[in-house]
>>> print(open('run13.cif').read())   # mmCIF, C-alpha atoms
data_target
#
loop_
_atom_site.group_PDB
_atom_site.id
_atom_site.type_symbol
_atom_site.label_atom_id
_atom_site.label_comp_id
_atom_site.auth_asym_id
_atom_site.auth_seq_id
_atom_site.Cartn_x
_atom_site.Cartn_y
_atom_site.Cartn_z
ATOM 1 C CA GLU A 1 0.000 0.000 0.000
ATOM 2 C CA LEU A 2 1.248 3.462 -0.877
ATOM 3 C CA LYS A 3 2.724 5.496 1.959
ATOM 4 C CA VAL A 4 3.680 9.130 1.611
ATOM 5 C CA GLU A 5 6.021 10.635 4.171
ATOM 6 C CA GLN A 6 7.206 14.171 4.687
ATOM 7 C CA ASN A 7 10.192 15.530 6.551
ATOM 8 C CA PRO A 8 10.164 17.638 8.614
ATOM 9 C CA LEU A 9 6.610 17.751 9.948
ATOM 10 C CA PHE A 10 7.190 21.087 11.638
ATOM 11 C CA LEU A 11 9.554 23.801 10.497
ATOM 12 C CA SER A 12 10.243 27.160 12.010
ATOM 13 C CA MET A 13 12.574 29.369 10.033
ATOM 14 C CA GLN A 14 13.671 32.955 9.925
ATOM 15 C CA GLU A 15 12.830 35.276 7.104
ATOM 16 C CA GLY A 16 15.498 35.333 4.456
ATOM 17 C CA LYS A 17 16.688 31.791 5.060
ATOM 18 C CA ASN A 18 16.566 28.828 2.696
ATOM 19 C CA TYR A 19 15.187 25.398 3.486
ATOM 20 C CA THR A 20 14.007 22.184 1.853
ATOM 21 C CA ILE A 21 11.023 19.991 2.612
ATOM 22 C CA TYR A 22 11.318 16.347 1.611
ATOM 23 C CA CYS A 23 8.593 14.008 0.404
ATOM 24 C CA ASN A 24 9.176 10.257 0.100
ATOM 25 C CA TYR A 25 6.682 7.807 -1.322
ATOM 26 C CA SER A 26 6.755 4.038 -1.135
ATOM 27 C CA THR A 27 5.600 2.805 -4.544
ATOM 28 C CA THR A 28 6.587 3.601 -8.095
ATOM 29 C CA SER A 29 5.019 6.728 -9.503
ATOM 30 C CA ASP A 30 6.008 9.136 -12.249
ATOM 31 C CA ARG A 31 4.129 12.101 -10.873
ATOM 32 C CA LEU A 32 3.807 14.016 -7.655
ATOM 33 C CA TYR A 33 1.701 16.928 -6.421
ATOM 34 C CA TRP A 34 2.280 19.743 -3.940
ATOM 35 C CA TYR A 35 -0.478 21.635 -2.170
ATOM 36 C CA ARG A 36 -0.582 24.519 0.263
ATOM 37 C CA GLN A 37 -3.081 24.980 3.096
ATOM 38 C CA ASP A 38 -3.360 28.189 5.108
ATOM 39 C CA PRO A 39 -4.702 27.827 8.672
ATOM 40 C CA GLY A 40 -8.434 27.218 8.655
ATOM 41 C CA LYS A 41 -8.554 27.312 4.866
ATOM 42 C CA SER A 42 -8.796 24.906 1.981
ATOM 43 C CA LEU A 43 -6.004 23.319 -0.025
ATOM 44 C CA GLU A 44 -4.536 25.014 -3.063
ATOM 45 C CA SER A 45 -2.636 23.222 -5.800
ATOM 46 C CA LEU A 46 0.935 24.492 -6.073
ATOM 47 C CA PHE A 47 2.803 22.166 -8.392
ATOM 48 C CA VAL A 48 2.100 19.161 -10.567
ATOM 49 C CA LEU A 49 5.290 17.248 -11.388
ATOM 50 C CA LEU A 50 4.662 14.874 -14.262
ATOM 51 C CA SER A 51 7.949 13.108 -14.929
ATOM 52 C CA ASN A 52 11.336 12.146 -13.567
ATOM 53 C CA GLY A 53 13.558 15.184 -13.316
ATOM 54 C CA ALA A 54 10.676 17.621 -13.498
ATOM 55 C CA VAL A 55 11.372 20.966 -11.870
ATOM 56 C CA LYS A 56 8.858 23.750 -11.384
ATOM 57 C CA GLN A 57 9.258 27.149 -9.784
ATOM 58 C CA GLU A 58 6.800 29.719 -8.540
ATOM 59 C CA GLY A 59 8.231 32.719 -6.787
ATOM 60 C CA ARG A 60 10.327 31.580 -3.825
ATOM 61 C CA LEU A 61 9.212 27.946 -4.121
ATOM 62 C CA MET A 62 10.804 25.332 -6.338
ATOM 63 C CA ALA A 63 9.702 21.704 -6.541
ATOM 64 C CA SER A 64 11.535 18.780 -8.098
ATOM 65 C CA LEU A 65 10.906 15.083 -8.624
ATOM 66 C CA ASP A 66 13.274 12.108 -8.667
ATOM 67 C CA THR A 67 11.160 9.071 -9.471
ATOM 68 C CA LYS A 68 14.042 6.630 -9.130
ATOM 69 C CA ALA A 69 14.644 7.731 -5.551
ATOM 70 C CA ARG A 70 10.876 8.131 -4.987
ATOM 71 C CA LEU A 71 11.646 11.576 -3.662
ATOM 72 C CA SER A 72 10.338 15.055 -4.228
ATOM 73 C CA THR A 73 11.674 18.223 -2.699
ATOM 74 C CA LEU A 74 10.116 21.625 -2.104
ATOM 75 C CA HIS A 75 12.832 24.243 -1.779
ATOM 76 C CA ILE A 76 12.137 27.581 -0.167
ATOM 77 C CA THR A 77 14.414 30.462 -1.073
ATOM 78 C CA ALA A 78 14.723 33.569 1.104
ATOM 79 C CA ALA A 79 11.595 32.788 3.088
ATOM 80 C CA VAL A 80 9.035 35.474 3.824
ATOM 81 C CA HIS A 81 6.231 35.469 6.382
ATOM 82 C CA ASP A 82 3.576 35.001 3.677
ATOM 83 C CA LEU A 83 4.923 31.506 3.037
ATOM 84 C CA SER A 84 3.776 30.366 6.487
ATOM 85 C CA ALA A 85 1.332 27.511 5.828
ATOM 86 C CA THR A 86 1.111 23.743 5.776
ATOM 87 C CA TYR A 87 2.526 22.087 2.676
ATOM 88 C CA PHE A 88 1.319 18.690 1.531
ATOM 89 C CA CYS A 89 2.754 16.395 -1.069
ATOM 90 C CA ALA A 90 0.562 13.765 -2.680
ATOM 91 C CA ALA A 91 1.242 10.773 -4.902
ATOM 92 C CA PRO A 92 -1.050 8.722 -7.144
ATOM 93 C CA HIS A 93 -2.139 5.365 -5.793
ATOM 94 C CA GLY A 94 -1.711 2.825 -8.552
ATOM 95 C CA THR A 95 -1.322 3.409 -12.256
ATOM 96 C CA SER A 96 -4.642 5.029 -13.022
ATOM 97 C CA TYR A 97 -3.672 8.332 -11.379
ATOM 98 C CA ASP A 98 -7.267 8.755 -10.258
ATOM 99 C CA LYS A 99 -6.665 8.287 -6.564
ATOM 100 C CA VAL A 100 -4.136 10.449 -4.761
ATOM 101 C CA ILE A 101 -2.753 9.830 -1.281
ATOM 102 C CA PHE A 102 -1.593 12.814 0.746
ATOM 103 C CA GLY A 103 1.380 13.021 3.057
ATOM 104 C CA PRO A 104 0.983 14.232 6.650
ATOM 105 C CA GLY A 105 1.923 17.803 5.792
ATOM 106 C CA THR A 106 4.771 20.076 6.831
ATOM 107 C CA SER A 107 3.722 23.001 8.978
ATOM 108 C CA LEU A 108 5.961 25.925 8.081
ATOM 109 C CA SER A 109 6.270 29.005 10.234
ATOM 110 C CA VAL A 110 8.400 31.884 8.963
ATOM 111 C CA ILE A 111 9.475 34.200 11.736
ATOM 112 C CA PRO A 112 10.330 37.851 11.047
ATOM 113 C CA ASP B 1 -16.172 29.711 -12.386
ATOM 114 C CA ALA B 2 -17.072 29.883 -8.699
ATOM 115 C CA GLY B 3 -14.914 26.906 -7.896
ATOM 116 C CA VAL B 4 -15.986 23.889 -5.861
ATOM 117 C CA ILE B 5 -18.855 24.888 -3.603
ATOM 118 C CA GLN B 6 -19.557 23.121 -0.337
ATOM 119 C CA SER B 7 -22.347 23.609 2.131
ATOM 120 C CA PRO B 8 -22.779 24.126 4.944
ATOM 121 C CA ARG B 9 -19.484 25.722 6.023
ATOM 122 C CA HIS B 10 -20.072 24.732 9.623
ATOM 123 C CA GLU B 11 -22.342 22.113 11.126
ATOM 124 C CA VAL B 12 -22.886 21.363 14.772
ATOM 125 C CA THR B 13 -25.104 18.423 15.549
ATOM 126 C CA GLU B 14 -25.917 16.087 18.368
ATOM 127 C CA MET B 15 -24.764 12.524 18.459
ATOM 128 C CA GLY B 16 -27.218 10.232 16.715
ATOM 129 C CA GLN B 17 -28.491 12.830 14.283
ATOM 130 C CA GLU B 18 -28.244 12.563 10.522
ATOM 131 C CA VAL B 19 -25.833 14.929 8.801
ATOM 132 C CA THR B 20 -25.758 15.717 5.090
ATOM 133 C CA LEU B 21 -22.877 17.535 3.465
ATOM 134 C CA ARG B 22 -23.212 18.937 -0.030
ATOM 135 C CA CYS B 23 -20.838 19.642 -2.872
ATOM 136 C CA LYS B 24 -21.074 21.246 -6.290
ATOM 137 C CA PRO B 25 -18.004 20.493 -8.434
ATOM 138 C CA ILE B 26 -16.523 22.689 -11.110
ATOM 139 C CA SER B 27 -18.485 22.435 -14.323
ATOM 140 C CA GLY B 28 -16.772 20.080 -16.744
ATOM 141 C CA HIS B 29 -14.802 18.216 -14.108
ATOM 142 C CA ASP B 30 -15.603 14.524 -14.304
ATOM 143 C CA TYR B 31 -13.976 13.421 -11.045
ATOM 144 C CA LEU B 32 -15.255 14.220 -7.577
ATOM 145 C CA PHE B 33 -13.511 13.301 -4.322
ATOM 146 C CA TRP B 34 -14.545 13.429 -0.674
ATOM 147 C CA TYR B 35 -11.749 13.817 1.883
ATOM 148 C CA ARG B 36 -11.808 14.039 5.662
ATOM 149 C CA GLN B 37 -9.160 15.969 7.571
ATOM 150 C CA THR B 38 -8.346 15.524 11.246
ATOM 151 C CA MET B 39 -5.285 16.325 13.312
ATOM 152 C CA MET B 40 -4.765 12.672 14.174
ATOM 153 C CA ARG B 41 -5.251 11.083 10.763
ATOM 154 C CA GLY B 42 -4.498 13.893 8.344
ATOM 155 C CA LEU B 43 -6.239 13.900 4.958
ATOM 156 C CA GLU B 44 -8.106 10.683 4.251
ATOM 157 C CA LEU B 45 -9.782 9.882 0.949
ATOM 158 C CA LEU B 46 -13.278 8.609 1.687
ATOM 159 C CA ILE B 47 -14.722 8.010 -1.763
ATOM 160 C CA TYR B 48 -14.417 9.227 -5.322
ATOM 161 C CA PHE B 49 -16.647 9.330 -8.370
ATOM 162 C CA ASN B 50 -15.948 9.381 -12.069
ATOM 163 C CA ASN B 51 -18.777 10.538 -14.330
ATOM 164 C CA ASN B 52 -21.158 10.298 -11.347
ATOM 165 C CA VAL B 53 -20.277 6.640 -10.698
ATOM 166 C CA PRO B 54 -18.609 5.667 -7.401
ATOM 167 C CA ILE B 55 -15.244 4.133 -8.240
ATOM 168 C CA ASP B 56 -13.598 3.518 -4.882
ATOM 169 C CA ASP B 57 -15.312 3.745 -1.504
ATOM 170 C CA SER B 58 -12.698 1.790 0.424
ATOM 171 C CA GLY B 59 -11.973 4.808 2.595
ATOM 172 C CA MET B 60 -15.521 5.135 3.902
ATOM 173 C CA PRO B 61 -15.085 4.358 7.593
ATOM 174 C CA GLU B 62 -18.236 2.318 8.124
ATOM 175 C CA ASP B 63 -21.815 1.800 7.055
ATOM 176 C CA ARG B 64 -22.898 4.983 8.776
ATOM 177 C CA PHE B 65 -21.311 6.879 5.895
ATOM 178 C CA SER B 66 -22.841 7.031 2.427
ATOM 179 C CA ALA B 67 -22.239 9.205 -0.613
ATOM 180 C CA LYS B 68 -24.191 9.858 -3.768
ATOM 181 C CA MET B 69 -23.715 11.780 -6.965
ATOM 182 C CA PRO B 70 -27.084 11.930 -8.720
ATOM 183 C CA ASN B 71 -25.795 14.204 -11.478
ATOM 184 C CA ALA B 72 -22.627 15.916 -12.673
ATOM 185 C CA SER B 73 -23.220 19.027 -10.625
ATOM 186 C CA PHE B 74 -24.099 17.688 -7.188
ATOM 187 C CA SER B 75 -22.873 15.228 -4.592
ATOM 188 C CA THR B 76 -23.800 14.476 -0.990
ATOM 189 C CA LEU B 77 -22.017 12.789 1.874
ATOM 190 C CA LYS B 78 -24.351 11.538 4.569
ATOM 191 C CA ILE B 79 -23.562 10.325 8.062
ATOM 192 C CA GLN B 80 -26.330 8.506 9.897
ATOM 193 C CA PRO B 81 -26.184 8.261 12.837
ATOM 194 C CA SER B 82 -23.415 10.720 13.611
ATOM 195 C CA GLU B 83 -20.899 10.160 16.412
ATOM 196 C CA PRO B 84 -18.442 12.513 18.149
ATOM 197 C CA ARG B 85 -15.506 10.790 16.423
ATOM 198 C CA ASP B 86 -16.907 11.968 13.088
ATOM 199 C CA SER B 87 -15.965 15.528 14.014
ATOM 200 C CA ALA B 88 -13.590 16.732 11.308
ATOM 201 C CA VAL B 89 -13.313 18.995 8.296
ATOM 202 C CA TYR B 90 -14.779 17.367 5.224
ATOM 203 C CA PHE B 91 -13.448 18.531 1.871
ATOM 204 C CA CYS B 92 -14.865 17.960 -1.550
ATOM 205 C CA ALA B 93 -12.529 18.251 -4.538
ATOM 206 C CA SER B 94 -12.986 17.934 -8.264
ATOM 207 C CA SER B 95 -10.696 17.457 -11.218
ATOM 208 C CA SER B 96 -10.459 16.478 -14.820
ATOM 209 C CA TYR B 97 -8.165 13.573 -15.721
ATOM 210 C CA GLY B 98 -8.350 12.100 -12.224
ATOM 211 C CA GLY B 99 -5.433 13.031 -9.968
ATOM 212 C CA GLY B 100 -4.628 14.646 -13.102
ATOM 213 C CA LEU B 101 -2.523 16.865 -15.148
ATOM 214 C CA TYR B 102 -3.664 19.851 -13.147
ATOM 215 C CA GLY B 103 -4.220 18.561 -9.613
ATOM 216 C CA TYR B 104 -7.417 18.880 -7.664
ATOM 217 C CA THR B 105 -9.516 21.934 -6.899
ATOM 218 C CA PHE B 106 -10.750 21.793 -3.341
ATOM 219 C CA GLY B 107 -13.850 23.334 -1.863
ATOM 220 C CA SER B 108 -13.758 25.435 1.294
ATOM 221 C CA GLY B 109 -14.699 22.470 3.433
ATOM 222 C CA THR B 110 -17.402 21.734 5.982
ATOM 223 C CA ARG B 111 -16.342 21.792 9.609
ATOM 224 C CA LEU B 112 -18.473 19.181 11.371
ATOM 225 C CA THR B 113 -18.758 19.056 15.130
ATOM 226 C CA VAL B 114 -20.753 16.236 16.711
ATOM 227 C CA VAL B 115 -21.509 16.770 20.394
#
>>> encode(input="run13.cif", output="structure tokens")
Amino acid sequence: ELKVEQNPLFLSMQEGKNYTIYCNYSTTSDRLYWYRQDPGKSLESLFVLLSNGAVKQEGRLMASLDTKARLSTLHITAAVHDLSATYFCAAPHGTSYDKVIFGPGTSLSVIP
Amino acid sequence: DAGVIQSPRHEVTEMGQEVTLRCKPISGHDYLFWYRQTMMRGLELLIYFNNNVPIDDSGMPEDRFSAKMPNASFSTLKIQPSEPRDSAVYFCASSSYGGGLYGYTFGSGTRLTVV
């Protein structure tokens, strides 16, 4: 059964610093998704990574996918307070891509 | 498009009562998903539909939970009877191409409290 893990689960960082969130998944998949959730709000799709080696960037966030290592990373550059949120990765369960399993989330707090 | 619309936003009910949560997906999306979010268990997929047909309900916790999608623009998740452990935020999401090329669009969620 597919398991999706994230590391760390909680992250407190100062503004201006860089950090990386890691997402490991247990079964073969060639795609991976990242979502953001603000406190008390819904989830918003950030990145859809569709192949090995895929890299996408949006502002201070950059996501990458290594399907051989079953690893995706979300890199934060020069963090700002507005990035404070919970970040989830999610991987497809099986080959149909219909069903997506979410990781536990990484709660990020950026301190001024 | 108004996005995925869920109602109600908040629901407080007494144990044993029936609860119905509602969802209107984005027009043209052929997949609809119901998730439950709690601190202890995170985001759990309960059930999903493709073209109004339930495809996988293996995440539905027990027979007290049921979901329907009578047409492409409406789905319900019903809990009968409700129990305090059902307290959670229930999200509906829709997509085209399943998990998809574009990811899911989530609704605002329904925060359910069973007392």
>>> interface_residues(input="run13.cif", of="chain A", to="chain B", cutoff="10 Å", atoms="only C-alpha atoms", output="PyMOL selection string")
chain A and resi 31-35+40-50+88+90-93+96-105
>>> residues_around(input="run13.cif", residues="segment 8-24 of chain A", least_positions_apart="5", cutoff="8 Å", atoms="all atoms listed in the file", output="list in words")
Arg70, Leu71, Ser72, Thr73, Leu74, His75, Ile76, Thr77, Ala78, Ala79, Val80, His81, Cys89, Gly103, Pro104, Gly105, Thr106, Ser107, Leu108, Ser109, Val110, Ile111 and Pro112 of chain A
>>> resolve_selection(input="run13.cif", expression="the PyMOL selection byres ((chain B and resi 12-29) around 7)", output="ChimeraX atom specification")
/B:3-8,10-11,30-32,73-84,92,94-96,112-115
>>> atom_distance(input="run13.cif", atom1="atom CA of Thr86 of chain A", atom2="atom CA of Glu5 of chain A")
14.1 Å
>>> closest_residue(input="run13.cif", among="A:Asp30, A:Asp38, A:Glu1, A:Asp66", to="Leu83 of chain A", atoms="all atoms listed in the file")
A:Asp38
>>> atom_distance(input="run13.cif", atom1="atom CA of Asn71 of chain B", atom2="atom CA of Ser58 of chain B")
21.6 Å
>>> atom_distance(input="run13.cif", atom1="atom CA of Asn7 of chain A", atom2="atom CA of Val55 of chain A")
19.2 Å
>>> resolve_selection(input="run13.cif", expression="the PyMOL selection byres ((chain A and resi 2) around 6)", output="short mmCIF file (atom, residue, chain, number, x, y, z; two decimals) with C-alpha atoms, keeping the file's coordinate frame")
data_model
loop_
_atom_site.label_atom_id
_atom_site.label_comp_id
_atom_site.auth_asym_id
_atom_site.auth_seq_id
_atom_site.Cartn_x
_atom_site.Cartn_y
_atom_site.Cartn_z
CA GLU A 1 0.00 0.00 0.00
CA LYS A 3 2.72 5.50 1.96
CA SER A 26 6.76 4.04 -1.14
CA THR A 27 5.60 2.80 -4.54
#
